[in-house]
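Content type mmCIF, C-alpha atoms, from the file target-v2.cif:
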data_run
#
loop_
_atom_site.group_PDB
_atom_site.id
_atom_site.type_symbol
_atom_site.label_atom_id
_atom_site.label_comp_id
_atom_site.auth_asym_id
_atom_site.auth_seq_id
_atom_site.Cartn_x
_atom_site.Cartn_y
_atom_site.Cartn_z
ATOM 1 C CA MET A 1 209.058 268.429 119.832
ATOM 2 C CA ASP A 2 210.514 271.680 121.317
ATOM 3 C CA GLU A 3 213.212 269.673 123.090
ATOM 4 C CA LEU A 4 214.197 267.961 119.843
ATOM 5 C CA TRP A 5 214.401 271.328 118.106
ATOM 6 C CA ARG A 6 216.708 272.606 120.842
ATOM 7 C CA TYR A 7 218.838 269.465 120.461
ATOM 8 C CA ARG A 8 219.079 270.086 116.722
ATOM 9 C CA GLN A 9 220.388 273.583 117.429
ATOM 10 C CA LEU A 10 223.171 272.182 119.629
ATOM 11 C CA ILE A 11 224.081 269.565 117.016
ATOM 12 C CA THR A 12 224.175 272.126 114.201
ATOM 13 C CA LEU A 13 226.344 274.484 116.265
ATOM 14 C CA ALA A 14 228.810 271.660 116.978
ATOM 15 C CA GLU A 15 228.915 270.753 113.266
ATOM 16 C CA MET A 16 229.330 274.312 111.971
ATOM 17 C CA GLY A 17 231.656 275.568 114.754
ATOM 18 C CA ASN A 18 230.212 279.055 114.372
ATOM 19 C CA TYR A 19 227.111 280.638 115.848
ATOM 20 C CA ARG A 20 226.246 282.754 112.833
ATOM 21 C CA ARG A 21 226.688 279.995 110.227
ATOM 22 C CA ALA A 22 224.747 277.559 112.420
ATOM 23 C CA ALA A 23 221.923 280.067 112.884
ATOM 24 C CA ASP A 24 221.751 280.642 109.113
ATOM 25 C CA ARG A 25 221.491 276.904 108.458
ATOM 26 C CA LEU A 26 218.767 276.568 111.068
ATOM 27 C CA GLY A 27 216.874 279.609 109.756
ATOM 28 C CA ILE A 28 216.977 281.444 113.078
ATOM 29 C CA THR A 29 218.825 284.459 114.413
ATOM 30 C CA HIS A 30 222.230 284.398 116.063
ATOM 31 C CA GLY A 31 220.590 285.696 119.240
ATOM 32 C CA ALA A 32 217.985 282.886 119.301
ATOM 33 C CA LEU A 33 220.720 280.236 119.025
ATOM 34 C CA SER A 34 222.778 281.895 121.757
ATOM 35 C CA GLN A 35 219.698 281.978 123.968
ATOM 36 C CA THR A 36 219.110 278.207 123.453
ATOM 37 C CA VAL A 37 222.702 277.415 124.478
ATOM 38 C CA ALA A 38 222.426 279.705 127.510
ATOM 39 C CA LYS A 39 219.243 277.950 128.668
ATOM 40 C CA PHE A 40 220.903 274.537 128.415
ATOM 41 C CA GLU A 41 223.911 275.829 130.374
ATOM 42 C CA ASP A 42 221.601 277.219 133.071
ATOM 43 C CA GLN A 43 219.717 273.908 133.150
ATOM 44 C CA TYR A 44 222.869 271.807 133.620
ATOM 45 C CA GLY A 45 224.880 274.368 135.541
ATOM 46 C CA THR A 46 227.977 274.192 133.375
ATOM 47 C CA GLN A 47 229.517 275.572 130.188
ATOM 48 C CA LEU A 48 228.669 273.566 127.079
ATOM 49 C CA PHE A 49 230.556 275.462 124.343
ATOM 50 C CA GLU A 50 233.715 277.567 124.332
ATOM 51 C CA ARG A 51 235.624 279.676 121.803
ATOM 52 C CA LYS A 52 238.854 278.048 120.536
ATOM 53 C CA LYS A 53 240.882 280.185 118.134
ATOM 54 C CA ARG A 54 238.436 280.797 115.277
ATOM 55 C CA ARG A 55 236.007 277.957 116.073
ATOM 56 C CA THR A 56 233.357 277.289 118.715
ATOM 57 C CA VAL A 57 233.752 273.791 120.165
ATOM 58 C CA ALA A 58 231.900 271.736 122.747
ATOM 59 C CA THR A 59 233.332 271.300 126.224
ATOM 60 C CA PRO A 60 233.494 267.757 127.690
ATOM 61 C CA TYR A 61 230.092 268.472 129.262
ATOM 62 C CA GLY A 62 228.793 269.663 125.933
ATOM 63 C CA GLU A 63 230.122 266.540 124.180
ATOM 64 C CA ARG A 64 228.230 264.341 126.611
ATOM 65 C CA LEU A 65 225.007 266.235 126.033
ATOM 66 C CA LEU A 66 225.592 266.122 122.277
ATOM 67 C CA GLN A 67 225.876 262.317 122.406
ATOM 68 C CA ALA A 68 222.440 262.124 124.024
ATOM 69 C CA ALA A 69 221.040 264.792 121.677
ATOM 70 C CA ARG A 70 222.203 262.964 118.531
ATOM 71 C CA LYS A 71 220.811 259.677 119.819
ATOM 72 C CA SER A 72 217.469 261.228 120.732
ATOM 73 C CA VAL A 73 217.104 262.952 117.379
ATOM 74 C CA GLU A 74 218.022 259.750 115.519
ATOM 75 C CA LEU A 75 215.591 257.618 117.547
ATOM 76 C CA VAL A 76 212.705 260.009 116.977
ATOM 77 C CA SER A 77 213.570 260.377 113.288
ATOM 78 C CA GLN A 78 213.656 256.583 112.919
ATOM 79 C CA ALA A 79 210.348 256.297 114.745
ATOM 80 C CA ARG A 80 208.844 258.860 112.375
ATOM 81 C CA ARG A 81 210.130 256.911 109.350
ATOM 82 C CA ASP A 82 208.829 253.654 110.812
ATOM 83 C CA MET A 83 205.397 255.143 111.411
ATOM 84 C CA VAL A 84 205.190 256.196 107.767
ATOM 85 C CA LEU A 85 206.186 252.679 106.728
ATOM 86 C CA MET A 86 203.666 251.179 109.135
ATOM 87 C CA GLN A 87 200.917 253.343 107.660
ATOM 88 C CA ASN A 88 201.854 251.999 104.229
ATOM 89 C CA LEU A 89 202.068 248.446 105.657
ATOM 90 C CA LYS A 90 205.717 248.084 104.619
ATOM 91 C CA ILE A 91 207.125 246.967 107.961
ATOM 92 C CA GLY A 92 205.901 244.738 110.741
ATOM 93 C CA ARG A 93 204.154 241.373 110.544
ATOM 94 C CA LEU A 94 200.436 240.854 111.036
ATOM 95 C CA ILE A 95 199.596 237.611 112.874
ATOM 96 C CA VAL A 96 195.959 236.517 112.626
ATOM 97 C CA GLY A 97 194.212 233.580 114.243
ATOM 98 C CA VAL A 98 191.355 232.429 112.026
ATOM 99 C CA ASP A 99 188.567 229.905 112.319
ATOM 100 C CA THR A 100 188.783 227.284 109.561
ATOM 101 C CA ALA A 101 185.140 227.993 108.687
ATOM 102 C CA ILE A 102 186.042 231.633 107.925
ATOM 103 C CA ALA A 103 189.477 231.267 106.332
ATOM 104 C CA GLU A 104 188.576 230.458 102.727
ATOM 105 C CA GLY A 105 185.322 232.310 102.232
ATOM 106 C CA LEU A 106 186.041 235.558 104.063
ATOM 107 C CA LEU A 107 189.626 236.003 105.233
ATOM 108 C CA ALA A 108 191.197 234.895 101.941
ATOM 109 C CA PRO A 109 189.450 237.539 99.783
ATOM 110 C CA ALA A 110 190.059 240.202 102.448
ATOM 111 C CA LEU A 111 193.785 239.437 102.541
ATOM 112 C CA ALA A 112 193.895 239.357 98.741
ATOM 113 C CA ALA A 113 192.381 242.836 98.599
ATOM 114 C CA LEU A 114 194.840 244.084 101.222
ATOM 115 C CA LEU A 115 197.842 242.625 99.398
ATOM 116 C CA LYS A 116 196.700 244.167 96.137
ATOM 117 C CA SER A 117 197.049 247.608 97.700
ATOM 118 C CA PHE A 118 200.008 246.778 99.941
ATOM 119 C CA PRO A 119 202.067 244.011 98.281
ATOM 120 C CA GLU A 120 204.877 244.313 100.841
ATOM 121 C CA LEU A 121 202.616 243.362 103.747
ATOM 122 C CA GLN A 122 203.962 240.459 105.784
ATOM 123 C CA PHE A 123 201.455 238.265 107.579
ATOM 124 C CA THR A 124 201.012 234.917 109.280
ATOM 125 C CA THR A 125 197.684 233.123 109.658
ATOM 126 C CA LEU A 126 197.007 230.373 112.181
ATOM 127 C CA ALA A 127 193.895 228.316 111.379
ATOM 128 C CA ARG A 128 192.477 227.119 114.684
ATOM 129 C CA ASN A 129 189.294 227.395 116.698
ATOM 130 C CA TRP A 130 188.656 229.991 119.381
ATOM 131 C CA ARG A 131 189.263 227.657 122.297
ATOM 132 C CA THR A 132 192.860 227.103 121.227
ATOM 133 C CA MET A 133 193.432 230.706 120.120
ATOM 134 C CA GLU A 134 192.069 232.512 123.188
ATOM 135 C CA GLU A 135 195.273 232.046 125.161
ATOM 136 C CA ASP A 136 197.354 233.079 122.138
ATOM 137 C CA LEU A 137 195.462 236.368 121.977
ATOM 138 C CA ARG A 138 195.674 236.853 125.730
ATOM 139 C CA SER A 139 199.458 236.243 125.590
ATOM 140 C CA ASP A 140 199.918 238.620 122.646
ATOM 141 C CA ARG A 141 201.047 235.864 120.263
ATOM 142 C CA ILE A 142 198.437 236.952 117.708
ATOM 143 C CA ASP A 143 197.111 240.397 116.824
ATOM 144 C CA MET A 144 193.476 239.322 116.486
ATOM 145 C CA PHE A 145 191.166 236.375 116.030
ATOM 146 C CA ILE A 146 188.578 236.183 113.234
ATOM 147 C CA GLY A 147 185.995 233.432 113.400
ATOM 148 C CA LEU A 148 182.607 232.262 114.577
ATOM 149 C CA SER A 149 181.429 234.274 117.580
ATOM 150 C CA PRO A 150 182.559 232.647 120.839
ATOM 151 C CA ASP A 151 179.941 231.264 123.202
ATOM 152 C CA ARG A 152 181.148 233.436 126.046
ATOM 153 C CA GLU A 153 182.740 236.865 126.153
ATOM 154 C CA SER A 154 185.568 238.096 128.345
ATOM 155 C CA ASP A 155 186.077 241.568 129.756
ATOM 156 C CA SER A 156 189.657 241.357 128.481
ATOM 157 C CA PHE A 157 188.609 241.439 124.827
ATOM 158 C CA ASP A 158 186.688 243.581 122.369
ATOM 159 C CA TYR A 159 184.248 241.832 120.015
ATOM 160 C CA ARG A 160 183.150 243.248 116.658
ATOM 161 C CA GLU A 161 180.363 241.059 115.315
ATOM 162 C CA PHE A 162 179.418 240.643 111.672
ATOM 163 C CA PRO A 163 176.803 238.469 109.919
ATOM 164 C CA LEU A 164 177.779 235.233 108.210
ATOM 165 C CA VAL A 165 176.044 233.438 105.375
ATOM 166 C CA PRO A 166 174.445 230.217 106.706
ATOM 167 C CA PRO A 167 176.337 227.053 105.750
ATOM 168 C CA ILE A 168 175.028 224.363 103.411
ATOM 169 C CA PHE A 169 174.412 220.614 103.699
ATOM 170 C CA VAL A 170 176.425 218.747 101.064
ATOM 171 C CA CYS A 171 177.195 215.151 100.116
ATOM 172 C CA ARG A 172 178.943 213.268 97.323
ATOM 173 C CA SER A 173 177.236 213.329 93.947
ATOM 174 C CA ASP A 174 176.060 209.687 94.073
ATOM 175 C CA HIS A 175 175.007 209.720 97.720
ATOM 176 C CA PRO A 176 171.781 207.802 98.578
ATOM 177 C CA LEU A 177 170.183 211.091 99.636
ATOM 178 C CA ILE A 178 170.503 212.392 96.078
ATOM 179 C CA ARG A 179 168.479 209.447 94.812
ATOM 180 C CA LYS A 180 165.984 209.930 97.622
ATOM 181 C CA GLY A 181 165.225 213.436 96.333
ATOM 182 C CA VAL A 182 164.145 214.941 99.677
ATOM 183 C CA PHE A 183 166.448 215.979 102.492
ATOM 184 C CA GLU A 184 165.097 215.658 106.024
ATOM 185 C CA VAL A 185 166.821 216.470 109.277
ATOM 186 C CA SER A 186 166.135 212.924 110.404
ATOM 187 C CA ASP A 187 168.558 211.805 107.657
ATOM 188 C CA LEU A 188 171.347 213.110 109.879
ATOM 189 C CA LEU A 189 170.558 210.318 112.340
ATOM 190 C CA ILE A 190 171.187 207.722 109.632
ATOM 191 C CA HIS A 191 174.222 209.015 107.758
ATOM 192 C CA PRO A 192 177.515 210.279 109.194
ATOM 193 C CA PHE A 193 177.265 214.028 109.727
ATOM 194 C CA GLY A 194 180.062 216.529 110.296
ATOM 195 C CA GLY A 195 181.876 219.762 109.638
ATOM 196 C CA SER A 196 184.291 222.186 111.236
ATOM 197 C CA GLU A 197 184.047 222.906 114.936
ATOM 198 C CA VAL A 198 181.073 225.148 115.721
ATOM 199 C CA PRO A 199 180.175 227.011 118.912
ATOM 200 C CA ASP A 200 177.487 225.721 121.275
ATOM 201 C CA SER A 201 175.274 228.682 120.366
ATOM 202 C CA LEU A 202 174.749 227.268 116.851
ATOM 203 C CA LEU A 203 174.146 223.770 118.152
ATOM 204 C CA THR A 204 171.618 225.187 120.617
ATOM 205 C CA GLN A 205 169.692 226.742 117.728
ATOM 206 C CA PHE A 206 169.711 223.372 116.003
ATOM 207 C CA VAL A 207 168.480 221.485 119.072
ATOM 208 C CA GLU A 208 165.722 224.026 119.709
ATOM 209 C CA ALA A 209 164.575 223.784 116.084
ATOM 210 C CA PHE A 210 164.391 219.984 116.151
ATOM 211 C CA PRO A 211 163.599 218.818 119.699
ATOM 212 C CA ALA A 212 162.124 215.531 118.421
ATOM 213 C CA GLN A 213 165.450 214.498 116.904
ATOM 214 C CA PHE A 214 167.880 216.018 119.407
ATOM 215 C CA LYS A 215 167.255 216.143 123.132
ATOM 216 C CA SER A 216 170.372 218.147 123.976
ATOM 217 C CA ILE A 217 173.599 219.564 122.599
ATOM 218 C CA SER A 218 175.322 216.433 123.842
ATOM 219 C CA SER A 219 173.056 214.199 121.753
ATOM 220 C CA LEU A 220 173.825 216.337 118.692
ATOM 221 C CA ARG A 221 177.553 216.292 119.345
ATOM 222 C CA GLU A 222 177.407 212.495 119.587
ATOM 223 C CA ILE A 223 176.619 212.289 115.875
ATOM 224 C CA PHE A 224 178.441 215.424 114.693
ATOM 225 C CA LEU A 225 181.930 214.564 113.430
ATOM 226 C CA THR A 226 184.302 217.483 113.935
ATOM 227 C CA ALA A 227 187.109 217.947 111.428
ATOM 228 C CA HIS A 228 189.763 220.538 112.223
ATOM 229 C CA GLU A 229 191.431 219.844 108.881
ATOM 230 C CA LEU A 230 188.947 220.767 106.166
ATOM 231 C CA GLY A 231 191.064 219.173 103.434
ATOM 232 C CA LEU A 232 190.450 215.847 105.134
ATOM 233 C CA LEU A 233 186.724 216.549 105.322
ATOM 234 C CA ARG A 234 186.603 217.371 101.610
ATOM 235 C CA GLN A 235 188.194 214.026 100.817
ATOM 236 C CA LEU A 236 185.727 212.205 103.052
ATOM 237 C CA LEU A 237 182.818 213.950 101.358
ATOM 238 C CA THR A 238 183.830 212.665 97.946
ATOM 239 C CA SER A 239 184.523 209.087 99.039
ATOM 240 C CA THR A 240 182.072 208.261 101.861
ATOM 241 C CA ASN A 241 178.428 208.750 102.802
ATOM 242 C CA ILE A 242 179.192 211.594 105.197
ATOM 243 C CA VAL A 243 176.879 214.624 105.059
ATOM 244 C CA GLY A 244 178.762 217.857 105.587
ATOM 245 C CA LEU A 245 177.557 221.147 107.043
ATOM 246 C CA LEU A 246 180.001 223.685 105.662
ATOM 247 C CA PRO A 247 180.320 227.209 104.285
ATOM 248 C CA GLU A 248 179.818 227.093 100.532
ATOM 249 C CA ALA A 249 183.257 228.633 99.940
ATOM 250 C CA VAL A 250 184.966 225.682 101.618
ATOM 251 C CA ILE A 251 183.520 223.191 99.148
ATOM 252 C CA ARG A 252 183.156 225.414 96.080
ATOM 253 C CA SER A 253 185.764 223.686 93.901
ATOM 254 C CA GLU A 254 184.209 220.259 94.565
ATOM 255 C CA LEU A 255 180.783 221.659 93.716
ATOM 256 C CA ASP A 256 182.087 223.143 90.475
ATOM 257 C CA ALA A 257 183.689 219.811 89.565
ATOM 258 C CA GLY A 258 180.428 217.955 90.269
ATOM 259 C CA ASN A 259 182.019 215.749 92.924
ATOM 260 C CA VAL A 260 179.608 216.893 95.636
ATOM 261 C CA ARG A 261 176.098 218.267 95.581
ATOM 262 C CA ILE A 262 174.054 220.561 97.745
ATOM 263 C CA LEU A 263 171.246 219.022 99.752
ATOM 264 C CA ALA A 264 169.983 222.210 101.388
ATOM 265 C CA ARG A 265 170.983 225.467 102.953
ATOM 266 C CA LEU A 266 170.803 225.615 106.722
ATOM 267 C CA ASP A 267 168.227 228.386 106.528
ATOM 268 C CA ASP A 268 166.093 226.121 104.300
ATOM 269 C CA VAL A 269 165.464 223.850 107.253
ATOM 270 C CA MET A 270 165.538 226.269 110.210
ATOM 271 C CA GLU A 271 165.811 229.902 111.153
ATOM 272 C CA ALA A 272 169.495 230.330 111.806
ATOM 273 C CA GLU A 273 171.500 233.356 112.919
ATOM 274 C CA ILE A 274 175.189 232.806 112.252
ATOM 275 C CA LYS A 275 177.587 235.484 113.461
ATOM 276 C CA GLY A 276 181.291 235.983 113.234
ATOM 277 C CA SER A 277 183.509 238.113 115.429
ATOM 278 C CA ILE A 278 186.773 239.969 115.226
ATOM 279 C CA VAL A 279 188.246 239.550 118.699
ATOM 280 C CA THR A 280 191.019 241.834 119.944
ATOM 281 C CA ARG A 281 192.573 242.712 123.277
ATOM 282 C CA GLN A 282 191.100 245.697 125.072
ATOM 283 C CA ASP A 283 194.467 246.820 126.418
ATOM 284 C CA ARG A 284 196.296 246.785 123.095
ATOM 285 C CA SER A 285 195.994 249.075 120.091
ATOM 286 C CA LEU A 286 195.859 247.294 116.761
ATOM 287 C CA PRO A 287 198.633 247.895 114.223
ATOM 288 C CA PRO A 288 197.529 249.652 111.013
ATOM 289 C CA ALA A 289 197.537 246.404 109.007
ATOM 290 C CA ALA A 290 195.182 244.772 111.506
ATOM 291 C CA LEU A 291 192.811 247.752 111.430
ATOM 292 C CA ARG A 292 192.656 247.679 107.640
ATOM 293 C CA LEU A 293 192.105 243.932 107.555
ATOM 294 C CA ALA A 294 189.339 244.114 110.168
ATOM 295 C CA SER A 295 187.517 246.770 108.135
ATOM 296 C CA LEU A 296 187.825 244.677 104.970
ATOM 297 C CA VAL A 297 186.494 241.559 106.687
ATOM 298 C CA GLU A 298 183.491 243.448 108.080
ATOM 299 C CA ASP A 299 182.745 245.048 104.715
ATOM 300 C CA MET A 300 182.984 241.758 102.829
ATOM 301 C CA ALA A 301 180.839 239.970 105.390
ATOM 302 C CA LEU A 302 178.113 242.606 104.993
ATOM 303 C CA ARG A 303 178.307 242.123 101.219
ATOM 304 C CA GLY A 304 177.811 238.379 101.582
ATOM 305 C CA PHE A 305 181.241 237.078 100.660
ATOM 306 C CA GLY A 306 181.382 233.305 100.833
ATOM 307 C CA ALA A 307 177.684 233.123 100.018
ATOM 308 C CA TYR A 308 176.015 230.235 98.275
ATOM 309 C CA GLN A 309 174.530 230.896 94.864
ATOM 310 C CA SER A 310 170.839 231.488 94.369
ATOM 311 C CA GLN A 311 168.734 228.390 94.978
ATOM 312 C CA GLY A 312 167.450 228.416 91.407
ATOM 313 C CA HIS A 313 170.995 228.426 90.083
ATOM 314 C CA ILE A 314 171.957 225.610 92.430
ATOM 315 C CA GLU A 315 169.041 223.437 91.284
ATOM 316 C CA ARG A 316 170.054 223.905 87.661
ATOM 317 C CA GLN A 317 173.707 223.325 88.436
ATOM 318 C CA ILE A 318 173.223 219.973 90.185
ATOM 319 C CA ASP A 319 170.401 218.890 87.903
ATOM 320 C CA LEU A 320 167.924 217.902 90.597
ATOM 321 C CA PRO A 321 164.205 217.482 90.006
ATOM 322 C CA VAL A 322 162.198 220.687 90.059
ATOM 323 C CA ASN A 323 160.351 219.529 93.175
ATOM 324 C CA TRP A 324 163.593 218.973 95.115
ATOM 325 C CA LYS A 325 163.144 220.616 98.480
ATOM 326 C CA ALA A 326 164.642 220.458 101.938
ATOM 327 C CA ARG A 327 162.068 219.288 104.444
ATOM 328 C CA ALA A 328 162.356 219.305 108.237
ATOM 329 C CA ARG A 329 160.621 216.682 110.310
#
Take the structure from the file and write it as structure tokens.
Amino acid sequence: MDELWRYRQLITLAEMGNYRRAADRLGITHGALSQTVAKFEDQYGTQLFERKKRRTVATPYGERLLQAARKSVELVSQARRDMVLMQNLKIGRLIVGVDTAIAEGLLAPALAALLKSFPELQFTTLARNWRTMEEDLRSDRIDMFIGLSPDRESDSFDYREFPLVPPIFVCRSDHPLIRKGVFEVSDLLIHPFGGSEVPDSLLTQFVEAFPAQFKSISSLREIFLTAHELGLLRQLLTSTNIVGLLPEAVIRSELDAGNVRILARLDDVMEAEIKGSIVTRQDRSLPPAALRLASLVEDMALRGFGAYQSQGHIERQIDLPVNWKARAR
């Protein structure tokens, strides 16, 4: 900062052509300005200003230094302006990789809140799973990834975990399981079963909870239909006998329209710990927009955004018998 101040003194002297007028504009004494010029001349070993008639002008050496001084002052001033704009999220583009299971229930309301405060924010979201986004984060093509916690962690990344509301089992409103009146895990061996891609850690919990039905993760994956495009899965749910395991937010509009119904929550049939993560590079500082978004996502996750409604409300909404329960066998 001292160097920039000294540069400003040289620039002002060149503009005013007079030591006293330049010193007055700068708010310093004539002697202080003369001392600054003398120090520069000692530093470079040459005369920088000379008296011409009634005006002080720069020598060729002084002109060259003034070119660098003006450029330096302008660059730092522009950087200062940019940093203010960055703090107000008015410049730059935030690029976020997001798991499809997180996008609608958690990222969407977080981005909406951010845009409400900073309407000029520019952002791009890429909805993919962690396996396809890891290299994008490593190569600096995205600022962060928000999704289900990866199965393995890398020393190259930072992971900020947050709790997620367990997903729900759903099916179309006239599915045979609705008429049956009781949902059992063994039903998943009879009807098509699927959802968005999930990490092995969740499947492991499932296999350990139901060893009689599933001998391994591989046996569970054999019947689990993975849909990377959730719009396609929503259409299949309303027109086929597929049973979906999805966050409630993903299927909320179909539930409200009565096209699909809830069979059970995952934590009705097993103890499940579902975690999400905000993954960032250890060697890269996040831009202000990314920091604000990460804080919003964590806060909303802790407040249960994307949550299913209370079970009593669900039972009334889908008009199931009072004794409707999820049962694990």
What is the distance, in Å and to one decimal place, between CA of Met270 in chain A and CA of Leu202 in chain A?
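Separation of CA of Met270 in chain A and CA of Leu202 in chain A: 11.4 Å.
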Expand the PyMOL selection byres ((chain A and resi 239-243) around 6) into the individual residues it matches in the shown file, reporting them as a ChimeraX atom specification.
/A:170-171,192-193,236-238,244
Do you know which residues the PyMOL selection byres ((chain A and resi 160-169) around 8) returns on this file, as a ChimeraX atom specification?
/A:149,158-159,170-171,243-248,262-267,272-279,298,301-302,304-308
Looking at all atoms listed in the file, which of A:Arg234, A:Arg152, A:Arg303, A:Arg138 is the one that sits closest to Asp283 in chain A?
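Counting all atoms listed in the file, the residue closest to Asp283 in chain A is A:Arg138.
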Gap from CA of Ile95 in chain A to CA of Ser285 in chain A - Å, one decimal
14.0 Å
